[in-house]
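The structure appears below as structure tokens.
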Amino acid sequence: MYLFCKISAYSLTWFNKNFGSTSFYFQCTGLYCKLGETAAEAKFVIQETNVPSALGSNQVKVQVKACALSPLDIKLHEDLKFQRDLVPVGREIVGIVLQVGPKVTFFQPDDEVVGILPLDTAMSGLCYAVVINEHHLVQKPEKLSWVEAAGAIRDGLRAYTALHTLARMASGHTLLVLDGASPFGVLAIQLAHYHGVKVLASALSSEDQKFLEQLRPSIARVIGVWDSKVDLVDSCLEETGGLGVDIVMDSGVRLHEEEPEARCLLPYKHDIITLLGVGGHWVTTEQNLQLDPPDSRSLFLKAASLSFLNEEVWGASSARQGRYLHIMKDIVEKLSTGTLRPQLEDPVPLYDATVSMEMVQKKQVRKRLVIQL
């Protein structure tokens, strides 16, 4: 059965025109995560929600045309103590502006926009319409498709945060992207190439290796860690003449000898520190990373740095809004010109959203795009 909104587009326009100044709500159906006692017990459910008809001063109402489904960080929601049983799913959206608040200056009705719903939003991106502050949106270029905009905006933000904000990427650097065939990895590779960086990338399967070897501009070296005969550290040191790489971006770190099968191809922290060059930067996505004194000593001797990648920090302080919007504008511009070329699977219809999100959360697929019919 299709997800649906209990109000037609015509009725919504009429309702806004006649009752927009009151505090009425209209109901929309979206996708939510019902939290359990543990992350494994979380379930994805279809749920109705109220969307306010009256907007705040800087709020924008957007009709959603496409939405990306990325893994939900349940632990982060618990840490921030939002105190909710249902967590909205699908925050990367693209759509058309239906209505703007009285102090909105960036947008007007019928503008095409792309953005990321804030972490504390109460609305799912799979609703027919969402209400969002204008400082979380940017204009969508006309040449950019709905699917590409929704599918790349968050991974583009992560790539910018990792390479520019954290690692201070510069022309002439050497970058190692672990799991380079992931949506995040592909955009990071393309962004690095644009800035004159030499790129190495690891592949987790023979299919990923073939894909990475066909990318243009070409990658200096694709390291097939799926092959037990290939050593990540030796390959990187050989490619750099024994100097090591300037930047490492991981997709997780293997913490123990006994790990689930899905994590067996992740590198050990000691391997990453070994292949890092003098003054290098290690950008990690591993939230539970712990460094032992010998590890810290090795980083100290190399004058190397370690940064944790958490793109959610852009919404943590209003002082960063200008930089945040600048990054998103640059992302959509590079998408529209073909500088960034996301590798996306075919979008799925709304009625497949629940199953698709379950597959994304279990890491059976990397990302899903949902289109509004």
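Here's how to read the names in the structure tokens: chain A, B, ... by the order shown, residue numbers from 1 in each chain, ligand numbers from 1 in the order shown.
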Which polymer residues have any atom within 9 Å of an atom of Val332 of chain A, counting only C-alpha atoms, with same-chain residues fewer than 3 positions away left out, as a list in words?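 My reading of the contact set: Val114, Val138, Gln139, Lys140, Pro141, Leu144, Ala149, Ala152, Ile153, Gly156, Ile327, Met328, Lys329, Leu335, Ser336, Thr337 and Leu340 of chain A.
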Apply DSSP to the structure's backbone, then extract all residues of segment 40-219 of chain A labelled alpha helix (DSSP H) and return them as a short mmCIF file (atom, residue, chain, number, x, y, z; two decimals) with N, CA and C atoms, in the first residue's frame.
data_model
loop_
_atom_site.label_atom_id
_atom_site.label_comp_id
_atom_site.auth_asym_id
_atom_site.auth_seq_id
_atom_site.Cartn_x
_atom_site.Cartn_y
_atom_site.Cartn_z
N ILE A 74 20.97 5.57 16.07
CA ILE A 74 20.08 5.49 17.23
C ILE A 74 20.81 5.91 18.50
N LYS A 75 22.08 5.53 18.62
CA LYS A 75 22.85 5.87 19.81
C LYS A 75 22.99 7.38 19.96
N LEU A 76 23.15 8.10 18.86
CA LEU A 76 23.26 9.55 18.92
C LEU A 76 21.99 10.18 19.45
N HIS A 77 20.84 9.68 19.00
CA HIS A 77 19.56 10.19 19.51
C HIS A 77 19.42 9.92 21.00
N GLU A 78 19.88 8.77 21.44
CA GLU A 78 19.82 8.45 22.86
C GLU A 78 20.75 9.36 23.66
N ASP A 79 21.94 9.62 23.13
CA ASP A 79 22.90 10.49 23.82
C ASP A 79 22.37 11.91 23.98
N LEU A 80 21.64 12.39 22.96
CA LEU A 80 21.12 13.75 22.99
C LEU A 80 19.83 13.86 23.80
N TRP A 146 16.11 15.74 -9.10
CA TRP A 146 15.62 15.54 -7.74
C TRP A 146 16.43 14.45 -7.04
N VAL A 147 16.62 13.34 -7.74
CA VAL A 147 17.26 12.17 -7.14
C VAL A 147 18.72 12.45 -6.79
N GLU A 148 19.45 13.07 -7.70
CA GLU A 148 20.87 13.37 -7.43
C GLU A 148 21.01 14.34 -6.26
N ALA A 149 20.13 15.33 -6.20
CA ALA A 149 20.21 16.32 -5.12
C ALA A 149 19.99 15.67 -3.76
N ALA A 150 18.92 14.87 -3.64
CA ALA A 150 18.63 14.23 -2.36
C ALA A 150 19.67 13.18 -2.02
N GLY A 151 20.16 12.46 -3.03
CA GLY A 151 21.08 11.35 -2.78
C GLY A 151 22.49 11.76 -2.43
N ALA A 152 22.88 12.99 -2.77
CA ALA A 152 24.28 13.39 -2.59
C ALA A 152 24.50 14.48 -1.55
N ILE A 153 23.45 15.14 -1.08
CA ILE A 153 23.66 16.32 -0.24
C ILE A 153 24.34 15.95 1.08
N ARG A 154 23.95 14.86 1.72
CA ARG A 154 24.54 14.52 3.01
C ARG A 154 25.96 13.97 2.85
N ASP A 155 26.15 13.07 1.87
CA ASP A 155 27.50 12.53 1.65
C ASP A 155 28.45 13.62 1.19
N GLY A 156 27.93 14.58 0.42
CA GLY A 156 28.76 15.72 0.04
C GLY A 156 29.17 16.54 1.25
N LEU A 157 28.22 16.75 2.16
CA LEU A 157 28.53 17.49 3.40
C LEU A 157 29.58 16.75 4.22
N ARG A 158 29.47 15.43 4.30
CA ARG A 158 30.45 14.64 5.05
C ARG A 158 31.83 14.75 4.41
N ALA A 159 31.87 14.68 3.08
CA ALA A 159 33.16 14.76 2.38
C ALA A 159 33.82 16.11 2.61
N TYR A 160 33.04 17.20 2.51
CA TYR A 160 33.57 18.54 2.76
C TYR A 160 34.07 18.66 4.19
N PRO A 183 28.90 5.52 -1.27
CA PRO A 183 28.45 6.84 -1.76
C PRO A 183 29.29 7.98 -1.19
N PHE A 184 29.64 7.90 0.07
CA PHE A 184 30.50 8.89 0.71
C PHE A 184 31.90 8.85 0.12
N GLY A 185 32.44 7.64 -0.07
CA GLY A 185 33.78 7.50 -0.61
C GLY A 185 33.93 8.05 -2.01
N VAL A 186 32.93 7.80 -2.86
CA VAL A 186 32.99 8.27 -4.25
C VAL A 186 33.04 9.79 -4.31
N LEU A 187 32.20 10.46 -3.52
CA LEU A 187 32.21 11.93 -3.53
C LEU A 187 33.50 12.48 -2.94
N ALA A 188 34.05 11.81 -1.92
CA ALA A 188 35.31 12.25 -1.34
C ALA A 188 36.44 12.14 -2.36
N ILE A 189 36.45 11.06 -3.12
CA ILE A 189 37.47 10.87 -4.17
C ILE A 189 37.36 11.97 -5.22
N GLN A 190 36.15 12.25 -5.67
CA GLN A 190 35.96 13.27 -6.71
C GLN A 190 36.31 14.66 -6.21
N LEU A 191 35.96 14.96 -4.96
CA LEU A 191 36.29 16.26 -4.38
C LEU A 191 37.80 16.41 -4.24
N ALA A 192 38.48 15.35 -3.82
CA ALA A 192 39.94 15.39 -3.69
C ALA A 192 40.61 15.58 -5.04
N HIS A 193 40.15 14.87 -6.07
CA HIS A 193 40.71 15.04 -7.40
C HIS A 193 40.56 16.48 -7.89
N TYR A 194 39.41 17.07 -7.60
CA TYR A 194 39.15 18.45 -8.02
C TYR A 194 40.19 19.41 -7.44
N SER A 206 35.50 -7.60 -5.14
CA SER A 206 36.02 -7.53 -6.51
C SER A 206 35.18 -6.59 -7.37
N GLU A 207 33.85 -6.55 -7.09
CA GLU A 207 32.98 -5.64 -7.83
C GLU A 207 33.33 -4.18 -7.52
N ASP A 208 33.57 -3.89 -6.23
CA ASP A 208 33.98 -2.53 -5.86
C ASP A 208 35.30 -2.15 -6.52
N GLN A 209 36.24 -3.11 -6.58
CA GLN A 209 37.53 -2.82 -7.18
C GLN A 209 37.39 -2.50 -8.67
N LYS A 210 36.58 -3.26 -9.36
CA LYS A 210 36.37 -3.00 -10.78
C LYS A 210 35.74 -1.63 -10.99
N PHE A 211 34.77 -1.29 -10.14
CA PHE A 211 34.11 0.01 -10.23
C PHE A 211 35.11 1.15 -10.01
N LEU A 212 35.94 1.03 -8.97
CA LEU A 212 36.89 2.09 -8.65
C LEU A 212 37.96 2.24 -9.74
N GLU A 213 38.35 1.14 -10.34
CA GLU A 213 39.37 1.20 -11.40
C GLU A 213 38.84 1.88 -12.65
#
Nearest candidate to His173 of chain A (options A:His281, A:Arg263, A:His270, A:Lys334; using only C-alpha atoms):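 Closest to His173 of chain A of all the choices is A:His281.
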What lies within 10 Å of Phe106 of chain A using only C-alpha atoms, ignoring chain neighbours under 5 positions off, as a PyMOL selection string? chain A and resi 58+60+100+111+134-135+137-139
Quick one: residues within 7 Å of segment 231-239 of chain A, only C-alpha atoms counted, chain neighbours fewer than 6 positions away excluded, as a CSV table (one decimal) with all heavy atoms, in the first residue's frame?
chain,number,residue,atom,x,y,z
A,223,ILE,N,43.3,-0.6,-3.8
A,223,ILE,CA,43.8,-1.7,-2.9
A,223,ILE,C,42.7,-2.6,-2.6
A,223,ILE,O,41.8,-2.3,-1.8
A,223,ILE,CB,44.4,-1.1,-1.7
A,223,ILE,CG1,45.5,0.0,-2.0
A,223,ILE,CG2,45.0,-2.2,-0.8
A,223,ILE,CD1,45.9,0.8,-0.9
A,225,VAL,N,41.3,-5.0,-0.5
A,225,VAL,CA,41.5,-5.6,0.8
A,225,VAL,C,40.7,-6.9,0.9
A,225,VAL,O,40.9,-7.6,1.9
A,225,VAL,CB,41.2,-4.6,1.9
A,225,VAL,CG1,42.2,-3.4,1.9
A,225,VAL,CG2,39.8,-4.1,1.8
A,271,ASP,N,47.3,-0.4,12.0
A,271,ASP,CA,47.6,-0.3,10.6
A,271,ASP,C,47.4,1.1,10.1
A,271,ASP,O,48.3,1.6,9.3
A,271,ASP,CB,46.7,-1.2,9.8
A,271,ASP,CG,46.9,-2.7,10.1
A,271,ASP,OD1,48.0,-3.0,10.6
A,271,ASP,OD2,46.0,-3.5,9.9
A,275,LEU,N,50.5,3.5,8.4
A,275,LEU,CA,50.6,4.0,7.0
A,275,LEU,C,50.4,5.5,7.0
A,275,LEU,O,50.5,6.1,5.9
A,275,LEU,CB,49.5,3.3,6.2
A,275,LEU,CG,48.1,3.4,6.5
A,275,LEU,CD1,47.4,4.7,6.1
A,275,LEU,CD2,47.3,2.2,6.0
According to DSSP computed on the backbone, where in segment 33-206 of chain A is there strand (DSSP E)? Give the residues as an MDAnalysis selection string. chainID A and resid 33:34 43:52 59:69 86:88 92:100 112:116 129:133 137:139 174:177 198:203
Length of the atom CA of Thr174 of chain A to atom CA of Ser298 of chain A vector [Å]: 19.7 Å
Residue among A:Asn50, A:Ser70, A:Gln290, A:Gln59 lying closest to Glu92 of chain A, counting only C-alpha atoms: A:Ser70
Atom CA of Val51 of chain A to atom CA of Ala122 of chain A, distance in Å rounded to a single decimal: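 Distance between the two atoms: 9.2 Å.
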Which of A:Gly101, A:Gly125, A:Gly280, A:Gly241 sits closest to Ala167 of chain A [using only C-alpha atoms]: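 Closest residue, counting only C-alpha atoms: A:Gly280.
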Under the rule that only C-alpha atoms are counted, which of A:Leu200, A:Val104, A:Ile371, A:Leu117 is the nearest residue to Trp314 of chain A? A:Leu117
Please report as a tab-separated table every residue of segment 86-138 of chain A lying within 9 Å of segment 351-357 of chain A, along with the nearest atom pair and their distance in Å (one decimal), using only C-alpha atoms.
residue	atom	partner	partner_atom	distance
A:Val89	CA	A:Met357	CA	8.4
A:Gly90	CA	A:Met357	CA	8.9
A:Leu126	CA	A:Ala353	CA	8.6
Could you write those residues out with N, CA, C and O atoms, as a tab-separated table (two decimals), in the first residue's frame?
chain	number	residue	atom	x	y	z
A	89	VAL	N	12.48	9.39	10.10
A	89	VAL	CA	13.44	8.77	9.18
A	89	VAL	C	13.39	9.52	7.85
A	89	VAL	O	12.33	9.92	7.39
A	90	GLY	N	14.56	9.69	7.24
A	90	GLY	CA	14.64	10.34	5.93
A	90	GLY	C	14.79	11.84	6.06
A	90	GLY	O	13.82	12.58	5.92
A	126	LEU	N	9.67	11.68	4.44
A	126	LEU	CA	8.76	11.00	3.53
A	126	LEU	C	7.33	11.52	3.62
A	126	LEU	O	6.44	10.99	2.97
Might you pull out every residue within 9 Å of Lys269 of chain A, with only C-alpha atoms counted and same-chain residues fewer than 2 positions away left off, and present them as a PyMOL selection string? chain A and resi 253-255+267+271-274+289-291+295
A straight line from atom CA of Phe82 of chain A to atom CA of Lys367 of chain A spans 25.0 Å
